[in-house]
Structure formats: structure tokens, C-alpha cells
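**Q** Just so it is clear, I am handing over data.txt, which has compact mmCIF, C-alpha atoms.
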# COMPACT_ATOMS: atom_id res chain seq x y z
CA MET A 90 -41.27 -23.39 -8.55
CA ALA A 91 -39.97 -24.29 -5.10
CA LYS A 92 -38.16 -21.56 -3.29
CA LYS A 93 -34.51 -22.10 -2.44
CA LYS A 94 -33.92 -22.48 1.26
CA ARG A 95 -31.81 -19.79 2.84
CA VAL A 96 -28.66 -21.12 4.46
CA GLU A 97 -28.55 -20.19 8.13
CA THR A 98 -25.29 -19.83 10.05
CA SER A 99 -24.83 -20.29 13.76
CA ALA A 100 -24.79 -17.13 15.82
CA GLN A 101 -21.78 -18.54 17.61
CA THR A 102 -19.82 -18.96 14.37
CA PRO A 103 -19.88 -15.88 12.12
CA VAL A 104 -19.15 -16.58 8.46
CA GLN A 105 -15.96 -14.51 8.52
CA ASP A 106 -14.62 -16.63 11.41
CA ILE A 107 -15.01 -19.96 9.61
CA LYS A 108 -11.50 -21.08 8.71
CA PRO A 109 -10.80 -22.92 5.44
CA SER A 110 -9.62 -26.52 5.65
CA HIS A 111 -5.97 -25.65 4.97
CA MET A 112 -5.87 -23.66 8.25
CA GLY A 113 -6.36 -26.84 10.28
CA TYR A 114 -2.65 -27.68 10.26
CA LYS A 115 -0.52 -27.95 13.38
CA VAL A 116 2.97 -26.66 14.16
CA ASN A 117 5.12 -28.29 16.84
CA LEU A 118 8.25 -26.17 17.24
CA LYS A 119 10.90 -27.68 19.49
CA CYS A 120 13.84 -25.32 19.84
CA LYS A 121 17.20 -27.07 19.91
CA THR A 122 19.27 -24.27 21.45
CA LYS A 123 18.93 -21.43 23.91
CA LYS A 124 19.48 -18.95 21.09
CA GLN A 125 16.58 -20.40 19.10
CA LYS A 126 14.32 -19.91 22.14
CA GLU A 127 15.54 -16.32 22.40
CA LEU A 128 14.66 -15.81 18.73
CA VAL A 129 11.08 -16.99 19.30
CA LYS A 130 10.77 -14.62 22.27
CA GLU A 131 12.15 -11.65 20.30
CA ILE A 132 9.66 -12.24 17.48
CA GLU A 133 6.75 -12.53 19.92
CA GLU A 134 7.68 -9.39 21.85
CA ASN A 135 8.67 -7.07 18.99
CA GLN A 136 7.17 -5.81 15.76
CA ILE A 137 10.41 -6.01 13.80
CA THR A 138 13.23 -8.48 14.47
CA PHE A 139 16.69 -8.57 12.89
CA VAL A 140 18.36 -11.98 12.78
CA GLU A 141 22.04 -12.31 11.88
CA GLY A 142 23.61 -15.73 11.87
CA VAL A 143 25.81 -18.21 10.10
CA PHE A 144 24.42 -21.11 8.10
CA GLY A 145 23.14 -24.15 9.96
CA VAL A 146 21.84 -22.45 13.12
CA GLY A 147 18.17 -23.01 12.33
CA LYS A 148 17.19 -19.40 11.53
CA THR A 149 14.84 -20.25 8.68
CA PHE A 150 13.26 -23.22 10.41
CA VAL A 151 12.43 -21.26 13.57
CA ILE A 152 11.21 -18.15 11.75
CA ASN A 153 8.95 -20.09 9.39
CA SER A 154 7.60 -22.20 12.26
CA VAL A 155 6.61 -19.07 14.18
CA ALA A 156 5.15 -17.56 10.99
CA LEU A 157 2.92 -20.59 10.35
CA GLN A 158 1.90 -20.72 14.00
CA MET A 159 0.94 -17.04 14.09
CA LEU A 160 -0.91 -17.29 10.79
CA LYS A 161 -3.08 -19.97 12.33
CA GLU A 162 -3.56 -18.52 15.83
CA ASN A 163 -2.96 -14.75 15.82
CA PRO A 164 -6.00 -12.76 14.61
CA ASP A 165 -3.72 -9.84 13.72
CA ILE A 166 -1.82 -11.98 11.19
CA GLU A 167 -3.85 -12.61 8.03
CA LYS A 168 -1.08 -13.78 5.72
CA ILE A 169 2.61 -14.57 5.40
CA ILE A 170 4.59 -12.41 2.98
CA LEU A 171 7.94 -13.70 1.71
CA ILE A 172 10.30 -10.96 0.54
CA PHE A 173 13.58 -11.76 -1.15
CA PRO A 174 16.14 -10.17 -3.49
CA THR A 175 15.42 -10.62 -7.18
CA ARG A 176 18.43 -12.49 -8.53
CA GLU A 177 19.04 -14.53 -11.62
CA ILE A 178 18.53 -18.27 -11.32
CA GLY A 179 21.46 -19.53 -13.33
CA SER A 180 21.21 -17.57 -16.58
CA MET A 181 17.43 -17.16 -16.28
CA THR A 182 15.98 -13.78 -15.32
CA LEU A 183 12.47 -13.52 -13.87
CA GLY A 184 10.90 -12.81 -17.25
CA LEU A 185 12.52 -15.83 -18.88
CA LEU A 186 11.43 -18.34 -16.28
CA PRO A 187 8.56 -20.64 -17.37
CA GLY A 188 5.00 -20.25 -16.09
CA ASN A 189 2.77 -17.39 -14.98
CA LEU A 190 3.92 -14.73 -12.52
CA SER A 191 3.02 -16.79 -9.44
CA GLU A 192 4.90 -19.81 -10.77
CA LYS A 193 7.92 -17.65 -11.66
CA LEU A 194 8.03 -16.16 -8.16
CA GLU A 195 7.79 -19.56 -6.51
CA ASN A 196 11.15 -20.44 -8.11
CA TYR A 197 12.75 -17.70 -6.02
CA ALA A 198 11.05 -18.81 -2.79
CA LEU A 199 11.70 -22.56 -3.10
CA ASN A 200 13.90 -22.70 0.00
CA GLU A 201 11.31 -20.95 2.16
CA LEU A 202 8.43 -23.07 0.84
CA ASP A 203 10.42 -26.29 1.24
CA SER A 204 11.21 -25.26 4.81
CA MET A 205 7.51 -24.78 5.53
CA ARG A 206 6.67 -28.17 4.03
CA LYS A 207 9.28 -29.83 6.26
CA ILE A 208 7.92 -28.02 9.31
CA LEU A 209 4.39 -29.26 8.60
CA ASP A 210 5.66 -32.77 7.89
CA LYS A 211 7.68 -32.96 11.12
CA SER A 212 4.66 -31.62 13.01
CA GLY A 213 2.63 -34.66 11.91
CA ASN A 214 0.47 -33.09 9.21
CA GLU A 215 -0.72 -35.21 6.32
CA ASN A 216 -0.05 -33.87 2.81
CA PRO A 217 2.10 -30.82 3.69
CA ASN A 218 2.49 -30.13 -0.05
CA ILE A 219 -1.26 -29.73 -0.43
CA ILE A 220 -1.42 -27.43 2.62
CA ILE A 221 1.28 -25.11 1.27
CA ASP A 222 -0.23 -25.12 -2.23
CA SER A 223 -3.59 -24.21 -0.71
CA LEU A 224 -2.09 -21.40 1.36
CA LEU A 225 -0.44 -20.03 -1.79
CA SER A 226 -3.55 -20.25 -3.97
CA SER A 227 -5.72 -18.64 -1.29
CA GLY A 228 -3.32 -15.73 -0.80
CA LYS A 229 -2.43 -16.73 2.76
CA ILE A 230 1.18 -16.94 1.59
CA GLU A 231 2.38 -14.20 -0.77
CA ILE A 232 5.73 -14.07 -2.54
CA ARG A 233 7.09 -10.61 -3.29
CA PRO A 234 10.52 -9.76 -4.69
CA ILE A 235 11.84 -6.35 -3.69
CA SER A 236 11.22 -5.01 -7.18
CA TYR A 237 7.45 -5.35 -6.54
CA LEU A 238 7.43 -3.51 -3.20
CA ARG A 239 7.77 0.17 -4.03
CA GLY A 240 4.55 1.94 -3.08
CA ALA A 241 3.14 -1.14 -1.33
CA SER A 242 1.69 -1.20 2.21
CA LEU A 243 2.42 -4.28 4.29
CA GLU A 244 0.02 -4.78 7.18
CA LYS A 245 -1.68 -7.57 9.15
CA ALA A 246 1.02 -9.94 7.93
CA PHE A 247 4.00 -11.93 9.12
CA ILE A 248 6.69 -10.62 6.79
CA CYS A 249 9.77 -12.78 6.26
CA VAL A 250 12.63 -10.82 4.68
CA SER A 251 15.03 -13.58 3.64
CA GLU A 252 18.59 -13.42 2.33
CA ALA A 253 18.83 -9.93 3.82
CA GLU A 254 22.60 -10.03 3.39
CA GLU A 255 21.88 -9.19 -0.27
CA PHE A 256 20.07 -5.92 0.44
CA THR A 257 21.83 -2.56 0.41
CA LYS A 258 21.08 0.10 3.03
CA GLU A 259 18.75 1.84 0.60
CA GLU A 260 16.88 -1.33 -0.31
CA LEU A 261 16.34 -2.47 3.26
CA PHE A 262 15.26 1.02 4.30
CA MET A 263 12.64 0.93 1.55
CA ILE A 264 11.38 -2.44 2.84
CA LEU A 265 11.15 -1.10 6.40
CA THR A 266 9.15 1.93 5.25
CA ARG A 267 6.52 -0.40 3.71
CA PHE A 268 5.72 -1.91 7.14
CA GLU A 269 2.39 -0.86 8.64
CA GLY A 270 1.69 -3.56 11.22
CA GLY A 271 1.98 -7.21 12.13
CA LYS A 272 5.42 -8.83 12.35
CA MET A 273 8.55 -8.41 10.24
CA VAL A 274 11.59 -10.67 10.58
CA ILE A 275 14.73 -9.71 8.64
CA SER A 276 17.31 -12.50 8.48
CA GLY A 277 20.59 -13.12 6.76
CA ASP A 278 24.21 -14.21 6.91
CA PRO A 279 26.71 -11.49 5.92
CA LEU A 280 29.29 -14.18 5.13
CA GLN A 281 27.13 -15.30 2.19
CA ALA A 282 26.71 -11.86 0.58
CA ASP A 283 27.31 -11.98 -3.17
CA ARG A 284 27.08 -8.35 -4.27
CA ASN A 285 30.32 -6.39 -4.28
CA ASN A 286 28.77 -3.10 -3.13
CA ILE A 287 27.47 -4.86 -0.01
CA LYS A 288 30.84 -6.43 0.72
CA ASN A 289 32.31 -2.93 0.54
CA GLY A 290 30.32 -1.62 3.51
CA ASN A 291 26.80 -1.05 2.15
CA SER A 292 25.07 -3.92 3.98
CA GLY A 293 21.52 -3.04 4.92
CA LEU A 294 21.37 -5.94 7.36
CA LEU A 295 24.43 -4.89 9.37
CA HIS A 296 23.50 -1.21 9.16
CA GLY A 297 20.04 -1.96 10.56
CA ILE A 298 21.44 -4.08 13.40
CA ASN A 299 24.01 -1.42 14.35
CA ARG A 300 21.70 1.59 14.09
CA LEU A 301 18.42 0.24 15.45
CA LYS A 302 19.63 -1.32 18.68
CA GLY A 303 17.56 0.06 21.53
CA VAL A 304 14.65 1.19 19.36
CA LYS A 305 11.39 0.21 21.04
CA GLY A 306 9.63 -2.56 19.12
CA VAL A 307 12.81 -3.71 17.35
CA GLY A 308 14.46 -6.96 18.42
CA ILE A 309 17.93 -8.15 17.46
CA ILE A 310 19.31 -11.69 17.63
CA GLN A 311 22.82 -12.63 16.51
CA PHE A 312 23.79 -16.29 16.18
CA SER A 313 27.40 -17.49 16.24
CA GLU A 314 29.18 -20.61 15.04
CA ASP A 315 28.55 -22.12 18.48
CA ASP A 316 24.83 -22.25 17.61
CA ILE A 317 25.23 -24.48 14.53
CA VAL A 318 22.90 -27.48 14.80
CA ARG A 319 22.53 -28.78 11.23
CA ASN A 320 25.67 -30.88 10.91
CA ASP A 321 28.85 -31.02 13.00
CA ILE A 322 31.05 -30.68 9.93
CA LEU A 323 29.58 -27.23 9.21
CA LEU A 324 31.33 -25.78 12.25
CA ASP A 325 34.71 -26.89 10.95
CA ILE A 326 33.86 -25.59 7.46
CA TYR A 327 32.80 -22.23 8.89
CA LYS A 328 35.98 -21.78 10.93
CA LYS A 329 38.29 -22.76 8.05
CA TRP A 330 36.37 -20.68 5.49
CA LYS A 331 36.25 -17.58 7.66
CA ASP A 332 39.98 -17.75 8.38
Would it be possible to restate this file's structure as C-alpha cells?

**A**
Amino acid sequence: MAKKKRVETSAQTPVQDIKPSHMGYKVNLKCKTKKQKELVKEIEENQITFVEGVFGVGKTFVINSVALQMLKENPDIEKIILIFPTREIGSMTLGLLPGNLSEKLENYALNELDSMRKILDKSGNENPNIIIDSLLSSGKIEIRPISYLRGASLEKAFICVSEAEEFTKEELFMILTRFEGGKMVISGDPLQADRNNIKNGNSGLLHGINRLKGVKGVGIIQFSEDDIVRNDILLDIYKKWKD
């Protein structure tokens, strides 16, 4: 019986450094405002960044662009972790949603995943859906609701804490205590908070911004209505709604 030939690898390319095909994507982030550029800088220079801003300023687009870029290029970032509040989708709780656990969780992260697909599409990648699906199936993108975080350790990851306006002080503190390294970006719009206890002064997002200013390694960016870029009508809606 013929012996199987041993597969040799190049000394210049260790096996652990060979990147799977889905890591060959490109990200071309073009900031539209000065504040967006400041956000990129804050993320790059700090471990944890708080982002407060109204709808339409490009928070999600910029954060997810930087996350995908760092996943590809930064050796200290091995995955992207999406953290979000566990809320009902219509009348459906997590357990009642169809599919396995991964498929259930994807329903909660649709906005983030759609944002990433658009980023890859605008950057000239072919088949952005396949790239994102591959990143999910390979564990390069993880989706974790807050209810699955207690006792976890989050390290070597770009952690996107979305819809942070929905987290209480206690919940956001718990998320922060799970951080062990990498990058964490906590973003939200207090105007869109749904929970009554948060509206009554228990906002983890605002508490973190107010208390952690000046802490080394913590960046803070606050967008205003002047930074809205999505659609001109949103500025008028914001002003009328807020008044």
C-alpha cells in the first residue's frame, strides 16, 4: 500500500496564519462628517468607547466598518461580538422564535448584520451575504444577548454593545465587568429608550458617559442633530419630536 504523502507548509506561512477565504473582504470607510472621523479616532485610541447620538448620524455604519476592518487587520481582534438587549419581537419571545439558537439570535441582530452587509457591498465586495454568513458560521461574528453574558469573559474581540439606551445602570455595569481586552463600543440614543425605569433616571448609557469621563482608556463621543446625514427630513422630525 502506497504511503500517504505528508503535506508540507511553507516556513514563511505558518498554518495558524493562513486566513480563511471569508477574511479576504475589503472595507472602504469614508467618513461624511468631522464627528464620524472623531469616532474612528476614539475607537482606535481607546479600549472602551461610549457613543451617544440621535438617529441618522451614522453611528452604526461607522462602528461596524471599524469592527470589520479591525477583525481583518488587527491581530488582537479575533472576532466581533454583538451584544444587545433581549426584547420581544412583536409577541414572540426568544424561545418562541423559529429555528435553532443561532437562528433565533440572528433575529435580534438583523439591523447590525444588515449594516455589515451594506458596508461590504459599498466597499465593492462580491456576495456580501455569503461573507457575513461565513463569518457567523465560523464564529468570527458572535451574537450574545445580555441574558447570556453573566459569568462570561470577553477578550480578543471587537465588542459592539448596541441599543445601549435600553440597558439599566446595573446591566451595563455587568457588561463592562465582562471585558478583558480588545475593543468595546457602547452606542445608543437615549431619545429612543423604551423601558420606563430607564426613562426615570436609570440609564446605564448616560450614567457611564457622565461618570467615566476622564478615565484612561475610555473614549466618549456625543453626536447632535447637526450631525444627521441619513436624510434631511430627519433633522426636522428630530426637532419637532424633541420639542

**Q** What is the distance, in Å and to one decimal place, between atom CA of His296 of chain A and atom CA of Phe247 of chain A?

**A**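 It comes out at 22.3 Å.
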
**Q** Compile the contact shell of Ser276 of chain A as a PyMOL selection string: residues with an atom at most 6 Å away, counting all atoms listed in the file, same-chain residues fewer than 6 positions apart removed.

**A** chain A and resi 139-141+251+253

**Q** Would you compute the distance between atom CA of Ala282 of chain A and atom CA of Arg300 of chain A? Give it in Å to one decimal.

**A** 19.7 Å

**Q** Determine the nearest neighbour of Ile221 of chain A from the options A:Arg233, A:Lys272, A:Lys130, A:Arg206, counting only C-alpha atoms.

**A**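 Looking at the shortest contact to Ile221 of chain A, the residue is A:Arg206.
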
**Q** What does the structure give for the distance between atom CA of Ser226 of chain A and atom CA of Met159 of chain A, in Å to one decimal?

**A** 18.9 Å

**Q** Counting only C-alpha atoms, find residues at most 9 Å from (9.0, -11.6, -2.4) (file frame) and give them as an NGL selection string.

**A** :A and (170-175 or 194 or 197-198 or 231-238 or 249-251)

**Q** Include C-alpha atoms and write out the residues we just selected as a compact mmCIF listing (two decimals), keeping the file's coordinate frame.

**A**
# COMPACT_ATOMS: atom_id res chain seq x y z
CA ILE A 170 4.59 -12.41 2.98
CA LEU A 171 7.94 -13.70 1.71
CA ILE A 172 10.30 -10.96 0.54
CA PHE A 173 13.58 -11.76 -1.15
CA PRO A 174 16.14 -10.17 -3.49
CA THR A 175 15.42 -10.62 -7.18
CA LEU A 194 8.03 -16.16 -8.16
CA TYR A 197 12.75 -17.70 -6.02
CA ALA A 198 11.05 -18.81 -2.79
CA GLU A 231 2.38 -14.20 -0.77
CA ILE A 232 5.73 -14.07 -2.54
CA ARG A 233 7.09 -10.61 -3.29
CA PRO A 234 10.52 -9.76 -4.69
CA ILE A 235 11.84 -6.35 -3.69
CA SER A 236 11.22 -5.01 -7.18
CA TYR A 237 7.45 -5.35 -6.54
CA LEU A 238 7.43 -3.51 -3.20
CA CYS A 249 9.77 -12.78 6.26
CA VAL A 250 12.63 -10.82 4.68
CA SER A 251 15.03 -13.58 3.64

**Q** Just want the 7 Å neighbourhood of Thr138 of chain A, counted on all atoms listed in the file, with same-chain residues fewer than 6 positions away dropped. Output as a list in words.

**A**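 Listed by chain and then number, they are Glu131, Ile132, Met273, Val274, Ile275, Val307, Gly308 and Ile309 of chain A.
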
**Q** Check the smallest atom-to-atom distance from each of A:Ile298, A:Glu255, A:Glu201, A:Gly306 to Glu133 of chain A using all atoms listed in the file, then report the winner.

**A** A:Gly306

**Q** Just need the box for segment 249-259 of chain A, edges along x, y and z, holding every atom the file lists for it with 5 Å tacked onto each side, so centre and edge lengths in Å to one decimal, as lines of an AutoDock Vina configuration file.

**A**
center_x = 16.2
center_y = -5.9
center_z = 3.0
size_x = 22.8
size_y = 25.4
size_z = 16.5

**Q** Counting only C-alpha atoms, which of A:Glu314, A:Asp283, A:Asp278, A:Asp210 gets nearest to Asn117 of chain A?

**A** A:Asp210

**Q** Point out the residue among A:Ile326, A:Thr266, A:Asn299, A:Glu162 with the least atom-to-atom distance to Arg239 of chain A, counting all atoms listed in the file.

**A** A:Thr266

**Q** With distances taken over all atoms listed in the file, which of A:Asp203, A:Glu134, A:Glu195, A:Glu127 is nearest to Phe150 of chain A?

**A** A:Asp203

**Q** Could you check which residues have any atom within 10 Å of (10.6, -26.4, 15.8), counting all atoms listed in the file with coordinates taken straight from the file, and then list them as a list in words?

**A**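 Residues satisfying the cut-off, written out: Val116, Asn117, Leu118, Lys119, Cys120, Lys121, Gln125, Lys126, Gly147, Phe150, Val151, Ile152, Asn153, Ser154, Val155, Ile208, Leu209, Lys211 and Ser212 of chain A.
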
**Q** Which residue out of A:Ser223, A:Asn135, A:Gln281, A:Asn218 has the minimum interatomic distance to Glu254 of chain A when all atoms listed in the file are used?

**A**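 Closest to Glu254 of chain A, using all atoms listed in the file: A:Gln281.
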